[in-house]
Amino acid sequence: MALFNIHDSPSSSSSYLSSSITTNAADLDSLSCKRKCRQQETSNISSLLDLSSYPNETNVCLHLSLSFCNCIQIAKKLKLAHQETNLDAAGTSSDSSTNGADPWKIKKVLTASDLGNNSRLLLKKELAKKWVVPFVDKLAEAEKDGVKVPVFDVDTQSLRSLVFKIWPSNGSHVFIDTWNKDFVAKRNLKAGDEIGLKWDKKEKKFDFSVLRRG
């Protein structure tokens with residue numbers, strides 16, 4: 001710390017002391033704020049992501065620091081990381097079994113009509129629109145001749161294909177073509193069996209499994 005001459009005037013000494021006190025207070029306040037920020041950075045992420053403490057999200061630091069505070073930058077970075085994590089989780093439905101969620105988005109207990117000579121698996125319209133239609137290329141063709149899609153039997157580890165079609169007359173969503181040959185016959189499917197379907201985002205294919213025998 002710099003020294004001042006004892007012969008200096010009282011006013012200059014007082015001014016220097018006041019300036020020193022103010023500077024030290026600012027340094028202490030800055031140190032305190034940085035310490036708080038470090039504590040926040042390692043605390044529960046959910047509390048950091050709550051920007052409600054900043055009125056109207058104007059990003060105003062409430063630490064009343066006399067110097068720069070990086071608390072807002074920390075909160076923004078953690079919020080962005082949290083959002084990216086959520087997006088990754090939402091977009092990886094094929095891996096949802098690892099976190100306890102049921103990965104099979106479409107389930108159906110087979111009926112006699114699913115096993116007949118028409119060779120078609122009828123899907124619930126609302127489920128097909130949510131879990132099949134968004135992943136089918138050339139959707140316009142689905143209402144004409146249908147669109148061929150890869151279907152992987154996870155039980156037998158065999159890759160097949162089916163044709164996804166939307167019947168224009170009644171709007172039914174079905175899998176047709178080799179349904180009887182490659183699935184009903186080869187898996188010995190019976191009425192009352194429950195099957196499951198899901199989209200594999202990574203491999204760009206539908207997964208199939210016999211979930212339960214009737």
# chains A, B, ... in the order shown; residues from 1 in each chain; ligands from 1

call {"tool": "residues_around", "arguments": {"residues": "range 141-156 of chain A", "least_positions_apart": "4", "cutoff": "8 Å", "atoms": "only C-alpha atoms", "output": "list in words"}}
result
Val136, Asp137, Arg160, Ser161, Leu162, Val163, Phe164, Lys165, Ile166, Trp167, Pro168, Lys205, Phe206, Asp207, Phe208, Ser209 and Val210 of chain A

call {"tool": "residues_around", "arguments": {"residues": "Arg212 in chain A", "least_positions_apart": "5", "cutoff": "8 Å", "atoms": "only C-alpha atoms", "output": "number ranges by chain"}}
result
A: 193-195

call {"tool": "write_last_selection", "arguments": {"atoms": "N, CA, C and O atoms", "output": "short mmCIF file (atom, residue, chain, number, x, y, z; two decimals), in the first residue's frame"}}
result
data_model
loop_
_atom_site.label_atom_id
_atom_site.label_comp_id
_atom_site.auth_asym_id
_atom_site.auth_seq_id
_atom_site.Cartn_x
_atom_site.Cartn_y
_atom_site.Cartn_z
N ASP A 193 -51.71 -61.60 -29.35
CA ASP A 193 -50.29 -61.21 -29.16
C ASP A 193 -50.18 -59.69 -29.21
O ASP A 193 -50.85 -59.02 -30.00
N GLU A 194 -49.30 -59.15 -28.37
CA GLU A 194 -49.07 -57.71 -28.39
C GLU A 194 -47.73 -57.41 -29.05
O GLU A 194 -46.70 -57.96 -28.67
N ILE A 195 -47.77 -56.54 -30.05
CA ILE A 195 -46.54 -56.16 -30.75
C ILE A 195 -46.25 -54.68 -30.50
O ILE A 195 -47.13 -53.91 -30.11
#

call {"tool": "select_by_dssp", "arguments": {"residues": "range 83-208 of chain A", "states": "helix (DSSP H, G or I)", "output": "number ranges by chain"}}
result
A: 83-90, 93-99, 112-114, 125-131, 133-135, 139-142, 179-185

call {"tool": "closest_residue", "arguments": {"among": "A:Asn188, A:Trp179, A:Pro134, A:Leu139", "to": "Lys204 in chain A", "atoms": "only C-alpha atoms"}}
result
A:Pro134

call {"tool": "atom_distance", "arguments": {"atom1": "CA of Ser113 in chain A", "atom2": "CA of Ser158 in chain A"}}
result
24.8 Å

call {"tool": "closest_residue", "arguments": {"among": "A:Leu159, A:Asn117, A:Ala112, A:Lys105", "to": "Lys130 in chain A", "atoms": "only C-alpha atoms"}}
result
A:Lys105

call {"tool": "residues_around", "arguments": {"residues": "Leu122 in chain A", "least_positions_apart": "5", "cutoff": "7 Å", "atoms": "only C-alpha atoms", "output": "VMD selection string"}}
result
chain A and resid 114 173 to 175

call {"tool": "closest_residue", "arguments": {"among": "A:Leu189, A:Ala128, A:Val133, A:Ala101", "to": "Leu115 in chain A", "atoms": "only C-alpha atoms"}}
result
A:Leu189

call {"tool": "residues_around", "arguments": {"residues": "Lys125 in chain A", "least_positions_apart": "4", "cutoff": "8 Å", "atoms": "only C-alpha atoms", "output": "mmCIF file with all heavy atoms, in the first residue's frame"}}
result
data_model
loop_
_atom_site.group_PDB
_atom_site.id
_atom_site.type_symbol
_atom_site.label_atom_id
_atom_site.label_comp_id
_atom_site.auth_asym_id
_atom_site.auth_seq_id
_atom_site.Cartn_x
_atom_site.Cartn_y
_atom_site.Cartn_z
ATOM 1 N N LYS A 129 -50.001 -40.949 -36.975
ATOM 2 C CA LYS A 129 -49.695 -39.561 -37.341
ATOM 3 C C LYS A 129 -48.555 -38.999 -36.495
ATOM 4 O O LYS A 129 -47.807 -38.127 -36.956
ATOM 5 C CB LYS A 129 -50.949 -38.693 -37.181
ATOM 6 C CG LYS A 129 -51.983 -38.904 -38.272
ATOM 7 C CD LYS A 129 -53.153 -37.948 -38.102
ATOM 8 C CE LYS A 129 -54.157 -38.104 -39.240
ATOM 9 N NZ LYS A 129 -55.304 -37.171 -39.097
ATOM 10 N N GLY A 171 -58.894 -42.947 -44.730
ATOM 11 C CA GLY A 171 -57.800 -42.382 -43.938
ATOM 12 C C GLY A 171 -57.100 -43.377 -43.034
ATOM 13 O O GLY A 171 -56.348 -42.966 -42.140
ATOM 14 N N SER A 172 -57.308 -44.676 -43.258
ATOM 15 C CA SER A 172 -56.656 -45.691 -42.428
ATOM 16 C C SER A 172 -55.154 -45.701 -42.692
ATOM 17 O O SER A 172 -54.708 -45.538 -43.833
ATOM 18 C CB SER A 172 -57.236 -47.076 -42.720
ATOM 19 O OG SER A 172 -58.603 -47.144 -42.373
ATOM 20 N N HIS A 173 -54.370 -45.894 -41.624
ATOM 21 C CA HIS A 173 -52.914 -45.972 -41.723
ATOM 22 C C HIS A 173 -52.508 -47.426 -41.486
ATOM 23 O O HIS A 173 -52.788 -47.991 -40.414
ATOM 24 C CB HIS A 173 -52.250 -45.078 -40.684
ATOM 25 C CG HIS A 173 -52.508 -43.610 -40.901
ATOM 26 N ND1 HIS A 173 -53.765 -43.061 -40.908
ATOM 27 C CD2 HIS A 173 -51.643 -42.582 -41.129
ATOM 28 C CE1 HIS A 173 -53.683 -41.750 -41.121
ATOM 29 N NE2 HIS A 173 -52.411 -41.441 -41.256
#

call {"tool": "atom_distance", "arguments": {"atom1": "CA of Leu127 in chain A", "atom2": "CA of Gly192 in chain A"}}
result
19.5 Å

call {"tool": "atom_distance", "arguments": {"atom1": "CA of Glu126 in chain A", "atom2": "CA of Leu197 in chain A"}}
result
14.2 Å

call {"tool": "closest_residue", "arguments": {"among": "A:Asp200, A:Lys138, A:Ser169, A:Thr178", "to": "Asn118 in chain A", "atoms": "only C-alpha atoms"}}
result
A:Thr178
